[in-house]
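J.: Here it is, the structure, as structure tokens.
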Amino acid sequence: MTMSYSREDVSFVKPVPKKHPQRSSIQHWQLRDLIACPTTRNEFYFVNQNNVLGYNTETKTTTPVLKDLTFSPTSMTTGEGYIAAGGQRSQLTVRQLSSNWFAQATVGGSINNAMCISSFNGQPRLLICNNDETIKVYTLPGLQRITNISLPTAVNYASVSPDGKKLLAVGDSNQVYLYDVTGQGGYQKINTLTASNDACFSCAWNQTSDKFAVASQDGFVCVWDIRSSEKLAKLGSKQNPQVKGAARCVKFSMSGSVDLLMFSEHVSYINLVDARTFNEFQSVRVAPPNCDQHISGIAYSPDSKSVFVGMENVVLEYDVDTMSRRSFPAGAII
């Protein structure tokens with residue numbers, strides 16, 4: 001079902017963002033998850049041509065994190081103390097953020113559409129979503145292949161639940177693939193769900209691992225509760241059904257009681273939704289009036305107090321109204 005929002009006049013983020021003069025670049029028109037804020041709200045990482053750079057918002061300094069790569073990243077991810085970037089021809093570079101250790105490889109197949117770093121029994125793993133219809137799973141830091149997960153379509157995105165027990169994958173169809181992570185560290189498919197009517201390019205779990213969301217190219221984000229195969233919500237983008245309203249990247253806030261879902265559109269808008277009820281909604285125009293601009297990625301800070309939006313010539317930082325998110329309506333069941 002498509003949700004009709006009971007309130008669209010809410011303000012989850014404050015209206016005037018900080019503007020960080022950093023250029024973020026997009027290598028593939030559909031792959032828009034190229035900004036991350038893994039450790040502190042004072043520093044974010046972003047793709048710029050054939051580099052991944054870090055920017056400190058306090059000192060206003062830019063630092064190379066992955067410098068002079070032999071490819072321009074189509075995908076980038078962080079987790080478990082690592083950062084990884086993937087390219088159009090299955091190129092891979094991984095670095096440990098706390099040291100100078102890094103590795104480069106070509107994993108085979110085609111485009112590395114997205115990557116995900118998770119942990120199994122305390123051991124970090126890198127999952128690489130490839131256009132060759134597989135998810136390739138590697139150890140970190142050893143880069144030893146653990147397994148290949150085969151899907152019936154090109155794989156555009158995967159996400160492991162924060163509790164490490166489930167894997168979600170989407171691709172060039174409207175199907176959503178749900179896996180159990182077994183006690184032996186394997187991946188067993190347990191359900192196939194149907195999202196909207198077009199290819200899916202992003203998926204995410206909430207912080208308690210009981211809800212997940214999938215962003216579709218036709219401008220919808222579908223949400224499920226892990227206990228049901230029925231959709232909990234179907235959220236339309238601001239510019240839906242236009243092509244520029246495609247839902248490109250979706251993220252849940254991952255700390256505290258903020259409980260927000262955020263998704264970006266192909267150009268100009270991000271949307272924030274109350275992830276407790278899914279009936280309150282804020283659309284934010286991140287591009288100037290009368291001038292559409294592409295969005296390279298979105299990210300929450302680890303404390304969920306900031307939202308970062310990568311644009312072509314600037315990275316915007318919005319403050320989340322955490323005080324209003326900590327106050328619950330009288331009698332509401334959370």
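Identifiers for the structure tokens are assigned positionally: chains receive A, B, ... in sequence, residues are indexed from 1 per chain, and ligands are indexed from 1 in the order shown.
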Please list as a PyMOL selection string every residue within 6 Å of stretch 21-35 of chain A, counting only C-alpha atoms and excluding residues in the same chain fewer than 3 positions away.

T.: chain A and resi 45-49+74+76+296-297+312-315

J.: Store the residues of this selection in a file with N, CA, C and O atoms, as a compact mmCIF listing (two decimals), in the first residue's frame.

T.:
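Contents of the output file result-v4.txt:
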# COMPACT_ATOMS: atom_id res chain seq x y z
N TYR A 45 33.68 11.06 4.64
CA TYR A 45 34.46 10.59 3.49
C TYR A 45 33.59 10.69 2.24
O TYR A 45 32.38 10.48 2.29
N PHE A 46 34.23 10.97 1.11
CA PHE A 46 33.47 11.11 -0.13
C PHE A 46 34.38 10.81 -1.32
O PHE A 46 35.61 10.88 -1.23
N VAL A 47 33.75 10.43 -2.42
CA VAL A 47 34.47 10.13 -3.66
C VAL A 47 34.64 11.41 -4.46
O VAL A 47 33.69 12.16 -4.67
N ASN A 48 35.87 11.65 -4.91
CA ASN A 48 36.18 12.76 -5.80
C ASN A 48 37.07 12.24 -6.92
O ASN A 48 38.25 11.97 -6.69
N GLN A 49 36.47 12.05 -8.10
CA GLN A 49 37.19 11.51 -9.26
C GLN A 49 37.81 10.15 -8.90
O GLN A 49 37.09 9.24 -8.53
N THR A 74 32.80 3.49 -8.32
CA THR A 74 31.35 3.44 -8.49
C THR A 74 30.67 3.15 -7.16
O THR A 74 29.47 3.38 -7.00
N MET A 76 31.43 2.75 -2.63
CA MET A 76 32.32 3.00 -1.49
C MET A 76 31.56 2.64 -0.22
O MET A 76 30.35 2.87 -0.12
N SER A 296 25.10 12.73 -4.78
CA SER A 296 26.04 11.61 -4.85
C SER A 296 25.88 10.62 -3.71
O SER A 296 26.34 9.47 -3.81
N GLY A 297 25.26 11.04 -2.62
CA GLY A 297 25.07 10.13 -1.51
C GLY A 297 24.52 10.85 -0.30
O GLY A 297 24.49 12.09 -0.24
N GLU A 312 27.15 18.07 -6.23
CA GLU A 312 28.23 18.16 -7.21
C GLU A 312 29.35 19.10 -6.77
O GLU A 312 30.54 18.84 -7.01
N ASN A 313 29.00 20.21 -6.11
CA ASN A 313 30.00 21.21 -5.76
C ASN A 313 30.10 21.48 -4.26
O ASN A 313 30.89 22.32 -3.84
N VAL A 314 29.31 20.79 -3.48
CA VAL A 314 29.29 21.07 -2.05
C VAL A 314 28.75 19.84 -1.32
O VAL A 314 28.00 19.05 -1.89
N VAL A 315 29.16 19.68 -0.06
CA VAL A 315 28.53 18.69 0.82
C VAL A 315 27.75 19.47 1.87
O VAL A 315 28.31 20.32 2.57

J.: Skipping near chain neighbours, those fewer than 3 positions away, what residues fall within 9 Å of A:Phe12 using only C-alpha atoms, listed as a list in words?

T.: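 Using only C-alpha atoms, the neighbours found are Leu260, Leu272, Val273, Asp274, Phe281, Gln282, Asp319, Val320, Asp321, Thr322, Ser324 and Arg325 of chain A.
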
J.: Limited to N, CA, C and O atoms, could you put the picked residues into a file as an mmCIF file, in the first residue's frame?

T.:
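out.cif, freshly written:
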data_model
loop_
_atom_site.group_PDB
_atom_site.id
_atom_site.type_symbol
_atom_site.label_atom_id
_atom_site.label_comp_id
_atom_site.auth_asym_id
_atom_site.auth_seq_id
_atom_site.Cartn_x
_atom_site.Cartn_y
_atom_site.Cartn_z
ATOM 1 N N LEU A 260 14.741 7.764 12.411
ATOM 2 C CA LEU A 260 14.376 8.354 11.127
ATOM 3 C C LEU A 260 14.810 7.443 9.988
ATOM 4 O O LEU A 260 15.821 6.752 10.084
ATOM 5 N N LEU A 272 12.849 12.685 4.637
ATOM 6 C CA LEU A 272 12.989 12.079 5.960
ATOM 7 C C LEU A 272 11.620 11.668 6.463
ATOM 8 O O LEU A 272 10.648 12.421 6.331
ATOM 9 N N VAL A 273 11.559 10.460 7.027
ATOM 10 C CA VAL A 273 10.293 9.867 7.438
ATOM 11 C C VAL A 273 10.430 9.381 8.878
ATOM 12 O O VAL A 273 11.475 8.846 9.276
ATOM 13 N N ASP A 274 9.375 9.580 9.657
ATOM 14 C CA ASP A 274 9.329 9.050 11.018
ATOM 15 C C ASP A 274 9.337 7.526 10.939
ATOM 16 O O ASP A 274 8.398 6.913 10.422
ATOM 17 N N PHE A 281 6.458 13.074 7.439
ATOM 18 C CA PHE A 281 7.344 13.101 6.280
ATOM 19 C C PHE A 281 7.845 14.525 6.060
ATOM 20 O O PHE A 281 7.068 15.479 6.121
ATOM 21 N N GLN A 282 9.142 14.664 5.829
ATOM 22 C CA GLN A 282 9.708 15.970 5.475
ATOM 23 C C GLN A 282 10.512 15.838 4.197
ATOM 24 O O GLN A 282 11.451 15.052 4.127
ATOM 25 N N ASP A 319 21.474 19.728 10.601
ATOM 26 C CA ASP A 319 21.336 19.323 11.995
ATOM 27 C C ASP A 319 19.987 18.646 12.195
ATOM 28 O O ASP A 319 18.945 19.180 11.784
ATOM 29 N N VAL A 320 20.012 17.473 12.812
ATOM 30 C CA VAL A 320 18.775 16.774 13.148
ATOM 31 C C VAL A 320 18.205 17.369 14.430
ATOM 32 O O VAL A 320 18.948 17.647 15.386
ATOM 33 N N ASP A 321 16.907 17.590 14.453
ATOM 34 C CA ASP A 321 16.252 18.120 15.649
ATOM 35 C C ASP A 321 16.066 16.966 16.637
ATOM 36 O O ASP A 321 14.987 16.383 16.752
ATOM 37 N N THR A 322 17.144 16.631 17.324
ATOM 38 C CA THR A 322 17.117 15.455 18.201
ATOM 39 C C THR A 322 16.190 15.663 19.398
ATOM 40 O O THR A 322 15.639 14.700 19.930
ATOM 41 N N SER A 324 13.219 17.115 19.468
ATOM 42 C CA SER A 324 11.843 16.751 19.112
ATOM 43 C C SER A 324 11.715 15.246 18.904
ATOM 44 O O SER A 324 10.654 14.669 19.129
ATOM 45 N N ARG A 325 12.797 14.589 18.482
ATOM 46 C CA ARG A 325 12.734 13.141 18.266
ATOM 47 C C ARG A 325 12.759 12.374 19.586
ATOM 48 O O ARG A 325 12.416 11.196 19.628
#

J.: What are the closest atom pairs, with distances in Å to one decimal, for all residues of stretch 93-196 of chain A lying within 9 Å of stretch 200-217 of chain A? Consider only C-alpha atoms, order rows by chain and residue number, and present the result as CSV.

T.:
residue,atom,partner,partner_atom,distance
A:Asn113,CA,A:Phe201,CA,8.9
A:Ala114,CA,A:Ser202,CA,8.8
A:Val155,CA,A:Phe201,CA,8.6
A:Asn156,CA,A:Phe201,CA,5.4
A:Tyr157,CA,A:Ser202,CA,5.4
A:Ala158,CA,A:Cys203,CA,6.6
A:Ser159,CA,A:Ala204,CA,5.9
A:Val160,CA,A:Trp205,CA,7.5
A:Ser161,CA,A:Ser209,CA,5.4
A:Pro162,CA,A:Ser209,CA,5.9
A:Asp163,CA,A:Ser209,CA,6.3
A:Gly164,CA,A:Ser209,CA,8.7
A:Lys165,CA,A:Ser209,CA,8.6
A:Lys166,CA,A:Ser209,CA,8.3
A:Leu168,CA,A:Cys203,CA,7.2
A:Ala169,CA,A:Cys203,CA,7.3
A:Val170,CA,A:Cys200,CA,5.8
A:Gly171,CA,A:Cys200,CA,5.4
A:Asp172,CA,A:Cys200,CA,6.2
A:Ser173,CA,A:Cys200,CA,6.5
A:Asn174,CA,A:Cys200,CA,6.1
A:Gln175,CA,A:Cys200,CA,7.9
A:Val176,CA,A:Val214,CA,7.9
A:Ala195,CA,A:Val214,CA,7.1
A:Ser196,CA,A:Ser216,CA,6.5

J.: Where does stretch 76-187 of chain A meet stretch 52-69 of chain A within 12 Å, residue by residue, with the nearest atom pair and distance in Å to one decimal for each, counting only C-alpha atoms, listed by chain and rising number, as a tab-separated table?

T.:
residue	atom	partner	partner_atom	distance
A:Met76	CA	A:Val52	CA	8.5
A:Thr77	CA	A:Val52	CA	10.6
A:Thr78	CA	A:Val52	CA	11.5
A:Tyr82	CA	A:Val65	CA	10.8
A:Ile83	CA	A:Val65	CA	8.6
A:Ala84	CA	A:Leu66	CA	8.8
A:Ala85	CA	A:Val52	CA	8.1
A:Gly86	CA	A:Leu69	CA	10.1
A:Gly87	CA	A:Leu69	CA	9.7
A:Gln91	CA	A:Leu69	CA	9.7
A:Leu92	CA	A:Leu69	CA	9.7
A:Thr93	CA	A:Leu66	CA	8.0
A:Val94	CA	A:Leu66	CA	8.5
A:Arg95	CA	A:Leu66	CA	7.7
A:Gln96	CA	A:Val65	CA	9.9
A:Leu97	CA	A:Val65	CA	8.2
A:Ser98	CA	A:Val65	CA	11.1
A:Ser99	CA	A:Val65	CA	11.0
A:Asn100	CA	A:Val65	CA	9.9
A:Trp101	CA	A:Leu66	CA	11.3
A:Phe102	CA	A:Leu66	CA	9.1
A:Ala103	CA	A:Leu66	CA	10.8
A:Gln104	CA	A:Leu69	CA	9.6
A:Ala105	CA	A:Leu69	CA	11.8

J.: For A:Ala246, which residue out of A:Cys37, A:Ile135, A:Ile295, A:Val258 is the nearest one, using only C-alpha atoms?

T.: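 Counting only C-alpha atoms, the residue closest to A:Ala246 is A:Ile295.
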
J.: Could you pull out the residues in stretch 95-304 of chain A that DSSP calls strand (DSSP E) from the backbone, as a ChimeraX atom specification?

T.: /A:95-96,102-106,112-120,123-130,134-139,145-150,155-160,166-171,175-181,187-194,200-205,211-216,220-225,231-236,247-252,260-265,269-274,281-285,295-300

J.: Please compute the atom CA of A:Gly108-atom CA of A:Ala154 distance, one decimal, in Å.

T.: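 So the answer is 13.8 Å.
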
J.: For each of A:Phe263, A:Tyr269, A:Tyr138, A:Tyr177, take the minimum atom-to-atom distance to A:Ile117, counting only C-alpha atoms, then give the residue where this is smallest.

T.: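 Ranked by minimum distance to A:Ile117, first place goes to A:Tyr138.
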
J.: Neighbours of stretch 185-188 of chain A within 12 Å (only C-alpha atoms; same-chain residues fewer than 5 positions away dropped), as JSON, numbers by chain?

T.: {"A": [118, 119, 120, 121, 122, 123, 124, 125, 127, 135, 136, 137, 138, 139, 146, 147, 148, 149, 150, 151, 160, 164, 165, 166, 167, 168, 169, 177, 178, 179, 180]}

J.: For stretch 237-240 of chain A, work out the shell of residues within 12 Å, counting only C-alpha atoms and skipping chain neighbours fewer than 3 positions away, then give it as a ChimeraX atom specification.

T.: /A:2-5,8,215-222,234,243-250,262-273,281-285,292

J.: Could you work out how far atom CA of A:Thr106 lies from atom CA of A:Arg145, giving the answer in Å with one decimal?

T.: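 Separating atom CA of A:Arg145 from atom CA of A:Thr106 is a distance of 12.2 Å.
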
J.: Could you give me, as a list of chain:residue names, the residues within 8 Å of A:Phe308, counting only C-alpha atoms and dropping anything in the same chain fewer than 5 positions from it?

T.: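 With the cut-off at 8 Å, the set is A:Ile35, A:Ile298, A:Ala299, A:Tyr300, A:Ser301, A:Val315, A:Leu316, A:Glu317, A:Tyr318.
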
J.: Give me a file of those residues, with all heavy atoms, as an mmCIF file, in the first residue's frame.

T.:
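Done, and the output landed in part21.cif:
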data_model
loop_
_atom_site.group_PDB
_atom_site.id
_atom_site.type_symbol
_atom_site.label_atom_id
_atom_site.label_comp_id
_atom_site.auth_asym_id
_atom_site.auth_seq_id
_atom_site.Cartn_x
_atom_site.Cartn_y
_atom_site.Cartn_z
ATOM 1 N N ILE A 35 29.105 8.701 -0.083
ATOM 2 C CA ILE A 35 29.512 9.526 1.050
ATOM 3 C C ILE A 35 29.277 8.720 2.318
ATOM 4 O O ILE A 35 28.318 7.945 2.398
ATOM 5 C CB ILE A 35 28.760 10.875 1.056
ATOM 6 C CG1 ILE A 35 29.320 11.811 2.127
ATOM 7 C CG2 ILE A 35 27.272 10.684 1.226
ATOM 8 C CD1 ILE A 35 28.872 13.256 1.960
ATOM 9 N N ILE A 298 24.060 10.066 0.686
ATOM 10 C CA ILE A 298 23.557 10.592 1.949
ATOM 11 C C ILE A 298 24.136 9.756 3.078
ATOM 12 O O ILE A 298 24.431 8.577 2.906
ATOM 13 C CB ILE A 298 22.012 10.568 2.013
ATOM 14 C CG1 ILE A 298 21.478 9.163 1.661
ATOM 15 C CG2 ILE A 298 21.412 11.631 1.104
ATOM 16 C CD1 ILE A 298 19.972 8.998 1.836
ATOM 17 N N ALA A 299 24.311 10.374 4.241
ATOM 18 C CA ALA A 299 24.843 9.641 5.390
ATOM 19 C C ALA A 299 24.426 10.335 6.674
ATOM 20 O O ALA A 299 24.337 11.572 6.725
ATOM 21 C CB ALA A 299 26.367 9.559 5.324
ATOM 22 N N TYR A 300 24.158 9.539 7.715
ATOM 23 C CA TYR A 300 24.022 10.067 9.066
ATOM 24 C C TYR A 300 25.390 10.070 9.734
ATOM 25 O O TYR A 300 26.236 9.218 9.450
ATOM 26 C CB TYR A 300 23.111 9.170 9.911
ATOM 27 C CG TYR A 300 21.662 9.147 9.531
ATOM 28 C CD1 TYR A 300 21.161 8.147 8.708
ATOM 29 C CD2 TYR A 300 20.766 10.093 10.020
ATOM 30 C CE1 TYR A 300 19.827 8.101 8.366
ATOM 31 C CE2 TYR A 300 19.424 10.045 9.683
ATOM 32 C CZ TYR A 300 18.960 9.050 8.862
ATOM 33 O OH TYR A 300 17.634 9.001 8.525
ATOM 34 N N SER A 301 25.590 11.000 10.656
ATOM 35 C CA SER A 301 26.737 10.885 11.552
ATOM 36 C C SER A 301 26.478 9.735 12.525
ATOM 37 O O SER A 301 25.326 9.324 12.713
ATOM 38 C CB SER A 301 26.944 12.193 12.322
ATOM 39 O OG SER A 301 25.791 12.495 13.108
ATOM 40 N N VAL A 315 29.157 19.676 -0.057
ATOM 41 C CA VAL A 315 28.529 18.690 0.820
ATOM 42 C C VAL A 315 27.746 19.466 1.871
ATOM 43 O O VAL A 315 28.305 20.325 2.574
ATOM 44 C CB VAL A 315 29.560 17.753 1.476
ATOM 45 C CG1 VAL A 315 28.867 16.824 2.478
ATOM 46 C CG2 VAL A 315 30.285 16.934 0.416
ATOM 47 N N LEU A 316 26.458 19.197 1.962
ATOM 48 C CA LEU A 316 25.593 19.890 2.912
ATOM 49 C C LEU A 316 25.494 19.089 4.204
ATOM 50 O O LEU A 316 25.450 17.856 4.189
ATOM 51 C CB LEU A 316 24.198 20.070 2.319
ATOM 52 C CG LEU A 316 24.116 20.809 0.973
ATOM 53 C CD1 LEU A 316 22.677 20.825 0.475
ATOM 54 C CD2 LEU A 316 24.664 22.217 1.094
ATOM 55 N N GLU A 317 25.463 19.788 5.329
ATOM 56 C CA GLU A 317 25.296 19.137 6.631
ATOM 57 C C GLU A 317 24.091 19.756 7.328
ATOM 58 O O GLU A 317 24.085 20.947 7.650
ATOM 59 C CB GLU A 317 26.545 19.323 7.499
ATOM 60 C CG GLU A 317 26.416 18.692 8.872
ATOM 61 C CD GLU A 317 27.614 18.963 9.782
ATOM 62 O OE1 GLU A 317 28.580 19.606 9.324
ATOM 63 O OE2 GLU A 317 27.559 18.535 10.953
ATOM 64 N N TYR A 318 23.062 18.940 7.544
ATOM 65 C CA TYR A 318 21.857 19.371 8.237
ATOM 66 C C TYR A 318 21.890 18.875 9.671
ATOM 67 O O TYR A 318 22.264 17.720 9.939
ATOM 68 C CB TYR A 318 20.610 18.814 7.546
ATOM 69 C CG TYR A 318 20.317 19.433 6.197
ATOM 70 C CD1 TYR A 318 20.877 18.903 5.035
ATOM 71 C CD2 TYR A 318 19.475 20.531 6.085
ATOM 72 C CE1 TYR A 318 20.598 19.467 3.792
ATOM 73 C CE2 TYR A 318 19.197 21.095 4.843
ATOM 74 C CZ TYR A 318 19.763 20.565 3.709
ATOM 75 O OH TYR A 318 19.495 21.123 2.485
#
